[in-house]
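Below you'll find the structure, written out as structure tokens, and then a few comments.
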Amino acid sequence: MSIKPGVKVGGVRSEMVLAALEARAVWESHGVRFVITSALDGKHPRGSKHYTGCAFDIRAAGAGRADVTAAMVVELRAALGPEFDVVHESIGTPNEHVHVEWDPKS
């Protein structure tokens, strides 16, 4: 597991640590390096779960591998269950990433 330099992880909820471990297993099963690119840092929309330690972003598989990232997202959603949202964002841009957040519905 890698964390991009400058990423703030102090204060991340325990649910997110478990999600990161699961995500790492999914990424590695596809031969993709697992890198957290944002947690409690960066600029996010007002009300973002990043600011409460309930979200992190993962580097996508890379240029030309959208199908691999899509497969990893499907696997991670299934592994984490309904209390988590997993979204492939900014597809095809330099900011492409997978956003994971703990968002219990009940």
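In the structure tokens, each chain is lettered A, B, ... as it comes, each chain's residues begin at 1, and ligands are numbered from 1 in order of appearance.
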Within region 7-65 of chain A, find each residue whose DSSP state, derived from the backbone, is alpha helix (DSSP H), and express the selection as a ChimeraX atom specification. /A:14-29
Take the residues from that selection and put them in a file with all heavy atoms, as a short mmCIF file (atom, residue, chain, number, x, y, z; two decimals), in the first residue's frame.
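File written: selection.cif
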data_model
loop_
_atom_site.label_atom_id
_atom_site.label_comp_id
_atom_site.auth_asym_id
_atom_site.auth_seq_id
_atom_site.Cartn_x
_atom_site.Cartn_y
_atom_site.Cartn_z
N SER A 14 -12.00 4.28 11.44
CA SER A 14 -11.59 2.87 11.37
C SER A 14 -12.28 2.15 10.21
O SER A 14 -11.69 1.25 9.60
CB SER A 14 -11.87 2.16 12.69
OG SER A 14 -13.24 2.26 13.03
N GLU A 15 -13.50 2.53 9.88
CA GLU A 15 -14.20 1.92 8.74
C GLU A 15 -13.42 2.13 7.45
O GLU A 15 -13.39 1.25 6.58
CB GLU A 15 -15.61 2.52 8.59
CG GLU A 15 -16.56 2.18 9.71
CD GLU A 15 -16.49 3.13 10.91
OE1 GLU A 15 -15.60 4.01 10.94
OE2 GLU A 15 -17.32 2.98 11.81
N MET A 16 -12.76 3.28 7.34
CA MET A 16 -12.00 3.58 6.14
C MET A 16 -10.70 2.80 6.08
O MET A 16 -10.22 2.46 4.99
CB MET A 16 -11.74 5.09 6.02
CG MET A 16 -13.02 5.91 5.92
SD MET A 16 -14.21 5.30 4.70
CE MET A 16 -13.28 5.40 3.18
N VAL A 17 -10.13 2.50 7.22
CA VAL A 17 -8.93 1.65 7.25
C VAL A 17 -9.28 0.27 6.72
O VAL A 17 -8.57 -0.30 5.88
CB VAL A 17 -8.34 1.57 8.67
CG1 VAL A 17 -7.18 0.59 8.72
CG2 VAL A 17 -7.89 2.95 9.14
N LEU A 18 -10.41 -0.27 7.17
CA LEU A 18 -10.85 -1.58 6.68
C LEU A 18 -11.14 -1.52 5.18
O LEU A 18 -10.79 -2.44 4.44
CB LEU A 18 -12.07 -2.05 7.46
CG LEU A 18 -11.84 -2.33 8.93
CD1 LEU A 18 -13.16 -2.62 9.65
CD2 LEU A 18 -10.87 -3.47 9.12
N ALA A 19 -11.76 -0.43 4.73
CA ALA A 19 -12.04 -0.28 3.30
C ALA A 19 -10.75 -0.21 2.49
O ALA A 19 -10.67 -0.78 1.39
CB ALA A 19 -12.89 0.98 3.06
N ALA A 20 -9.74 0.47 3.02
CA ALA A 20 -8.46 0.57 2.31
C ALA A 20 -7.80 -0.80 2.19
O ALA A 20 -7.22 -1.13 1.15
CB ALA A 20 -7.54 1.55 3.02
N LEU A 21 -7.89 -1.60 3.24
CA LEU A 21 -7.30 -2.94 3.17
C LEU A 21 -8.01 -3.79 2.12
O LEU A 21 -7.36 -4.53 1.36
CB LEU A 21 -7.36 -3.61 4.54
CG LEU A 21 -6.48 -2.97 5.62
CD1 LEU A 21 -6.78 -3.59 6.99
CD2 LEU A 21 -5.01 -3.12 5.27
N GLU A 22 -9.31 -3.69 2.06
CA GLU A 22 -10.07 -4.44 1.06
C GLU A 22 -9.75 -3.93 -0.34
O GLU A 22 -9.54 -4.72 -1.26
CB GLU A 22 -11.57 -4.32 1.34
CG GLU A 22 -12.41 -5.24 0.51
CD GLU A 22 -12.16 -6.71 0.79
OE1 GLU A 22 -12.08 -7.10 1.97
OE2 GLU A 22 -12.04 -7.48 -0.19
N ALA A 23 -9.68 -2.61 -0.50
CA ALA A 23 -9.36 -2.03 -1.81
C ALA A 23 -7.97 -2.46 -2.27
O ALA A 23 -7.77 -2.78 -3.44
CB ALA A 23 -9.48 -0.51 -1.75
N ARG A 24 -7.03 -2.45 -1.35
CA ARG A 24 -5.67 -2.87 -1.70
C ARG A 24 -5.67 -4.29 -2.24
O ARG A 24 -5.03 -4.59 -3.26
CB ARG A 24 -4.74 -2.77 -0.51
CG ARG A 24 -3.31 -3.21 -0.86
CD ARG A 24 -2.42 -3.22 0.33
NE ARG A 24 -2.77 -4.36 1.17
CZ ARG A 24 -2.13 -4.70 2.27
NH1 ARG A 24 -1.11 -3.98 2.70
NH2 ARG A 24 -2.49 -5.73 2.97
N ALA A 25 -6.42 -5.17 -1.61
CA ALA A 25 -6.49 -6.56 -2.07
C ALA A 25 -7.07 -6.65 -3.49
O ALA A 25 -6.57 -7.41 -4.33
CB ALA A 25 -7.31 -7.41 -1.09
N VAL A 26 -8.10 -5.86 -3.75
CA VAL A 26 -8.71 -5.86 -5.09
C VAL A 26 -7.71 -5.33 -6.12
O VAL A 26 -7.51 -5.93 -7.17
CB VAL A 26 -10.02 -5.03 -5.10
CG1 VAL A 26 -10.52 -4.83 -6.52
CG2 VAL A 26 -11.09 -5.70 -4.24
N TRP A 27 -7.10 -4.19 -5.83
CA TRP A 27 -6.13 -3.59 -6.77
C TRP A 27 -5.00 -4.58 -7.06
O TRP A 27 -4.64 -4.80 -8.21
CB TRP A 27 -5.58 -2.28 -6.21
CG TRP A 27 -6.23 -1.04 -6.75
CD1 TRP A 27 -5.58 -0.01 -7.35
CD2 TRP A 27 -7.61 -0.67 -6.72
NE1 TRP A 27 -6.49 0.97 -7.70
CE2 TRP A 27 -7.74 0.59 -7.33
CE3 TRP A 27 -8.77 -1.29 -6.24
CZ2 TRP A 27 -8.97 1.24 -7.48
CZ3 TRP A 27 -9.99 -0.65 -6.38
CH2 TRP A 27 -10.07 0.59 -7.00
N GLU A 28 -4.44 -5.16 -6.01
CA GLU A 28 -3.31 -6.07 -6.19
C GLU A 28 -3.71 -7.33 -6.94
O GLU A 28 -2.91 -7.89 -7.69
CB GLU A 28 -2.68 -6.39 -4.84
CG GLU A 28 -1.93 -5.19 -4.28
CD GLU A 28 -1.29 -5.43 -2.92
OE1 GLU A 28 -1.53 -6.50 -2.30
OE2 GLU A 28 -0.56 -4.53 -2.46
N SER A 29 -4.95 -7.78 -6.78
CA SER A 29 -5.40 -8.98 -7.52
C SER A 29 -5.44 -8.72 -9.02
O SER A 29 -5.43 -9.66 -9.81
CB SER A 29 -6.77 -9.45 -7.02
OG SER A 29 -7.81 -8.61 -7.49
#
Mind checking DSSP for chain A and telling me the strand (DSSP E or B) residues as a count of residues only? 23
With only C-alpha atoms as the basis for distance, which of A:Asp57, A:Glu101, A:Glu89, A:Asp41 is at the shortest distance from Ala70 (chain A)?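 That would be A:Glu89, the residue with the smallest distance to Ala70 (chain A).
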Do a neighbour search on Ile3 (chain A) at 12 Å with only C-alpha atoms, toss out local chain neighbours closer than 3 positions, and write the hits as an MDAnalysis selection string. chainID A and resid 6:9 20 24 33:39 56:59
Please, what distance in Å, to one decimal, runs between CA of Gly92 (chain A) and CA of Cys54 (chain A)? 25.4 Å
Atomic separation - CA of Val87 (chain A) relative to CA of Thr69 (chain A), Å: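 According to the coordinates, CA of Thr69 (chain A) and CA of Val87 (chain A) are separated by 10.5 Å.
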Just how far from CA of Leu76 (chain A) is CA of Val32 (chain A), in Å to one decimal?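 Pair CA of Val32 (chain A) / CA of Leu76 (chain A) returns 13.7 Å.
Using only C-alpha atoms, the smallest distance between any of A:Leu40, A:Ile91, A:Val86, A:Val98 and Ala66 (chain A) comes from A:Ile91.
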Residue among A:Ala71, A:Ala79, A:Met1, A:Val12 lying closest to Tyr51 (chain A), counting only C-alpha atoms: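 Among A:Ala71, A:Ala79, A:Met1, A:Val12, it is A:Val12 that comes nearest to Tyr51 (chain A).
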